[in-house]
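K.L.:
The file below is run18.pdb, PDB, C-alpha atoms:
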ATOM      1  CA  MET R   8    -182.448 -99.459 225.875
ATOM      2  CA  ARG R   9    -185.090 -96.964 226.917
ATOM      3  CA  ILE R  10    -184.590 -93.223 226.755
ATOM      4  CA  GLY R  11    -184.005 -92.843 230.505
ATOM      5  CA  GLU R  12    -181.089 -95.279 230.451
ATOM      6  CA  LEU R  13    -179.690 -93.688 227.295
ATOM      7  CA  ALA R  14    -179.918 -90.233 228.885
ATOM      8  CA  GLN R  15    -178.193 -91.407 232.039
ATOM      9  CA  ARG R  16    -175.374 -93.113 230.142
ATOM     10  CA  ALA R  17    -174.939 -90.112 227.831
ATOM     11  CA  GLY R  18    -175.005 -87.656 230.727
ATOM     12  CA  MET R  19    -177.852 -85.581 229.319
ATOM     13  CA  SER R  20    -181.553 -85.093 229.777
ATOM     14  CA  THR R  21    -184.241 -87.033 227.973
ATOM     15  CA  SER R  22    -185.561 -83.722 226.641
ATOM     16  CA  ARG R  23    -182.218 -83.035 224.964
ATOM     17  CA  ILE R  24    -182.359 -86.439 223.270
ATOM     18  CA  ARG R  25    -185.889 -85.717 222.070
ATOM     19  CA  PHE R  26    -184.718 -82.285 220.879
ATOM     20  CA  TYR R  27    -181.954 -83.906 218.810
ATOM     21  CA  GLU R  28    -184.497 -86.387 217.425
ATOM     22  CA  ALA R  29    -186.871 -83.569 216.462
ATOM     23  CA  ARG R  30    -184.028 -81.762 214.658
ATOM     24  CA  GLY R  31    -183.194 -84.861 212.643
ATOM     25  CA  LEU R  32    -179.832 -85.493 214.281
ATOM     26  CA  LEU R  33    -180.902 -88.929 215.441
ATOM     27  CA  PRO R  34    -182.789 -91.447 213.354
ATOM     28  CA  GLU R  35    -186.174 -92.555 214.578
ATOM     29  CA  PRO R  36    -185.586 -95.439 216.997
ATOM     30  CA  GLU R  37    -187.558 -98.641 216.674
ATOM     31  CA  ARG R  38    -190.481 -99.153 218.982
ATOM     32  CA  ARG R  39    -191.113-102.126 221.195
ATOM     33  CA  ASP R  40    -194.455-103.903 221.245
ATOM     34  CA  ASN R  41    -195.438-101.755 224.238
ATOM     35  CA  GLY R  42    -194.812 -98.544 222.236
ATOM     36  CA  TYR R  43    -191.627 -97.530 224.043
ATOM     37  CA  ARG R  44    -188.725 -96.389 221.931
ATOM     38  CA  ASP R  45    -185.846 -98.850 221.859
ATOM     39  CA  TYR R  46    -182.494 -97.118 221.450
ATOM     40  CA  PRO R  47    -179.603 -99.237 220.168
ATOM     41  CA  GLU R  48    -176.138 -98.993 221.715
ATOM     42  CA  ASP R  49    -174.741 -96.986 218.772
ATOM     43  CA  PHE R  50    -177.048 -94.066 219.670
ATOM     44  CA  LEU R  51    -174.853 -93.449 222.697
ATOM     45  CA  LYS R  52    -171.774 -92.831 220.548
ATOM     46  CA  ARG R  53    -173.772 -90.632 218.185
ATOM     47  CA  LEU R  54    -175.205 -88.582 221.072
ATOM     48  CA  ARG R  55    -171.752 -87.991 222.483
ATOM     49  CA  LEU R  56    -170.502 -86.901 219.057
ATOM     50  CA  ILE R  57    -173.419 -84.474 218.677
ATOM     51  CA  ASP R  58    -173.047 -83.052 222.185
ATOM     52  CA  ASP R  59    -169.256 -82.742 222.033
ATOM     53  CA  SER R  60    -169.454 -81.104 218.592
ATOM     54  CA  ALA R  61    -171.984 -78.584 219.868
ATOM     55  CA  LYS R  62    -169.707 -77.766 222.807
ATOM     56  CA  LEU R  63    -166.900 -77.031 220.324
ATOM     57  CA  GLY R  64    -169.117 -74.481 218.625
ATOM     58  CA  PHE R  65    -170.497 -76.453 215.705
ATOM     59  CA  SER R  66    -174.079 -75.521 214.910
ATOM     60  CA  LEU R  67    -176.753 -78.198 214.854
ATOM     61  CA  ASN R  68    -177.055 -77.624 211.097
ATOM     62  CA  GLU R  69    -173.317 -78.270 210.661
ATOM     63  CA  ILE R  70    -173.551 -81.417 212.770
ATOM     64  CA  LYS R  71    -176.590 -82.642 210.878
ATOM     65  CA  ALA R  72    -174.863 -82.013 207.522
ATOM     66  CA  ALA R  73    -171.790 -83.969 208.650
ATOM     67  CA  LEU R  74    -173.913 -86.891 209.808
ATOM     68  CA  THR R  75    -175.898 -86.799 206.569
ATOM     69  CA  ARG R  76    -172.696 -86.839 204.473
ATOM     70  CA  ALA R  77    -171.584 -89.853 206.473
ATOM     71  CA  GLY R  78    -174.800 -91.680 205.600
ATOM     72  CA  GLY R  79    -176.106 -91.643 209.146
ATOM     73  CA  LYS R  80    -173.015 -93.392 210.474
ATOM     74  CA  HIS R  81    -170.121 -92.017 212.457
ATOM     75  CA  PRO R  82    -168.265 -89.623 210.116
ATOM     76  CA  PRO R  83    -164.913 -90.889 208.826
ATOM     77  CA  LYS R  84    -161.701 -89.596 210.335
ATOM     78  CA  GLU R  85    -160.891 -87.454 207.281
ATOM     79  CA  GLN R  86    -164.244 -85.678 207.451
ATOM     80  CA  ILE R  87    -163.871 -85.044 211.173
ATOM     81  CA  LEU R  88    -160.380 -83.629 210.703
ATOM     82  CA  GLU R  89    -161.545 -81.380 207.858
ATOM     83  CA  SER R  90    -164.352 -80.004 210.029
ATOM     84  CA  LEU R  91    -162.046 -79.486 213.002
ATOM     85  CA  HIS R  92    -159.440 -77.667 210.907
ATOM     86  CA  SER R  93    -162.164 -75.445 209.451
ATOM     87  CA  LYS R  94    -163.465 -74.668 212.944
ATOM     88  CA  LEU R  95    -159.913 -73.882 214.096
ATOM     89  CA  ARG R  96    -159.423 -71.422 211.204
ATOM     90  CA  HIS R  97    -162.711 -69.773 212.117
ATOM     91  CA  LEU R  98    -161.687 -69.491 215.773
ATOM     92  CA  ASP R  99    -158.267 -68.068 214.861
ATOM     93  CA  HIS R 100    -159.961 -65.432 212.677
ATOM     94  CA  HIS R 101    -162.372 -64.587 215.491
ATOM     95  CA  LEU R 102    -159.522 -64.283 218.001
ATOM     96  CA  ALA R 103    -157.661 -61.895 215.674
ATOM     97  CA  GLU R 104    -160.784 -59.719 215.403
ATOM     98  CA  VAL R 105    -161.222 -59.714 219.169
ATOM     99  CA  GLU R 106    -157.570 -58.783 219.701
ATOM    100  CA  HIS R 107    -157.953 -55.907 217.209
ATOM    101  CA  ARG R 108    -161.013 -54.616 219.102
ATOM    102  CA  ARG R 109    -159.129 -55.000 222.383
ATOM    103  CA  GLN R 110    -156.311 -52.819 221.080
ATOM    104  CA  GLN R 111    -158.845 -50.185 219.979
ATOM    105  CA  VAL R 112    -160.400 -50.145 223.457
ATOM    106  CA  LEU R 113    -156.969 -49.802 225.038
ATOM    107  CA  GLY R 114    -156.259 -46.893 222.694
ATOM    108  CA  TRP R 115    -159.462 -45.172 223.710
ATOM    109  CA  ILE R 116    -158.637 -45.707 227.377
ATOM    110  CA  ASP R 117    -155.266 -44.102 226.788
ATOM    111  CA  ASP R 118    -156.929 -41.208 224.948
ATOM    112  CA  VAL R 119    -159.381 -40.599 227.802
ATOM    113  CA  ILE R 120    -156.674 -40.793 230.475
ATOM    114  CA  ASN R 121    -154.468 -38.385 228.539
ATOM    115  CA  GLU R 122    -157.421 -36.158 227.620
ATOM    116  CA  ARG R 123    -156.991 -36.621 223.868
ATOM    117  CA  PRO R 124    -160.030 -36.493 221.588
ATOM    118  CA  TYR R 125    -161.709 -39.815 220.935
ATOM    119  CA  PRO R 126    -162.656 -41.760 218.939
ATOM    120  CA  ARG R 127    -159.547 -41.476 216.872
ATOM    121  CA  GLU R 128    -160.172 -40.370 213.323
ATOM    122  CA  THR R 129    -158.014 -43.206 211.948
ATOM    123  CA  ASP R 130    -160.105 -45.930 213.634
ATOM    124  CA  GLU R 131    -162.745 -47.570 211.471
TER     125      GLU R 131
END
Rewrite the structure from the file as structure tokens, please.

P.N.:
Amino acid sequence: MRIGELAQRAGMSTSRIRFYEARGLLPEPERRDNGYRDYPEDFLKRLRLIDDSAKLGFSLNEIKAALTRAGGKHPPKEQILESLHSKLRHLDHHLAEVEHRRQQVLGWIDDVINERPYPRETDE
């Protein structure tokens, strides 16, 4: 299929597909006799995996590494689960840091309202 059809079916722009190609996330498609790229059906699944992974917060380098480890094919279930669990641990850590900062801000608000000196000397 041509890039326009692939883009439409994947729900993304042709420029995004070309961007992924330029970053090495997609293999070079074959070319027809007329010079047009010919994208096989399996590119659609790969594009969705790349796009969905990026939306979950995986960097393009992480996605590329996962695809490389899988030999250019769809990564196996075990690899996907390992990556998702790692991402979940990272998100949980980030949420804990954000909650800590939130509590500090609330403490400062309380200090200002009650006219206590701020920042607190115990905060780091």

K.L.:
Got a sec to resolve the PyMOL selection byres ((chain R and resi 71) around 9) on this structure and send the residues as a list in words?

P.N.:
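Applied to this file, the PyMOL selection byres ((chain R and resi 71) around 9) selects Arg30, Gly31, Leu32, Leu33, Ile57, Ser66, Leu67, Asn68, Glu69, Ile70, Ala72, Ala73, Leu74, Thr75 and Arg76 of chain R.
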
K.L.:
So how many Å separate CA of Thr21 (chain R) and CA of Leu51 (chain R), to one decimal?

P.N.:
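CA of Thr21 (chain R) sits 12.5 Å away from CA of Leu51 (chain R).
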
K.L.:
If you measure from CA of Glu48 (chain R) to CA of Arg16 (chain R), what distance in Å do you get, rounded to one decimal?

P.N.:
10.3 Å

K.L.:
CA of Met19 (chain R) to CA of Asp49 (chain R): how many Å, to one decimal?

P.N.:
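Calculated distance between CA of Met19 (chain R) and CA of Asp49 (chain R) is 15.8 Å.
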
K.L.:
Given all atoms listed in the file, how would the per-residue table for region 26-62 of chain R near region 8-11 of chain R read, listing every residue at most 12 Å away with its closest atom pair and distance in Å to one decimal, sorted by chain and number, as a Markdown table?

P.N.:
| residue | atom | partner | partner_atom | distance |
| --- | --- | --- | --- | --- |
| R:Glu28 | CA | R:Ile10 | CA | 11.6 |
| R:Pro36 | CA | R:Arg9 | CA | 10.0 |
| R:Glu37 | CA | R:Met8 | CA | 10.6 |
| R:Arg38 | CA | R:Arg9 | CA | 9.8 |
| R:Arg39 | CA | R:Arg9 | CA | 9.8 |
| R:Asn41 | CA | R:Arg9 | CA | 11.7 |
| R:Gly42 | CA | R:Arg9 | CA | 10.9 |
| R:Tyr43 | CA | R:Arg9 | CA | 7.2 |
| R:Arg44 | CA | R:Arg9 | CA | 6.2 |
| R:Asp45 | CA | R:Met8 | CA | 5.3 |
| R:Tyr46 | CA | R:Met8 | CA | 5.0 |
| R:Pro47 | CA | R:Met8 | CA | 6.4 |
| R:Glu48 | CA | R:Met8 | CA | 7.6 |
| R:Asp49 | CA | R:Met8 | CA | 10.8 |
| R:Phe50 | CA | R:Met8 | CA | 9.8 |
| R:Leu51 | CA | R:Met8 | CA | 10.2 |
| R:Leu54 | CA | R:Ile10 | CA | 11.9 |
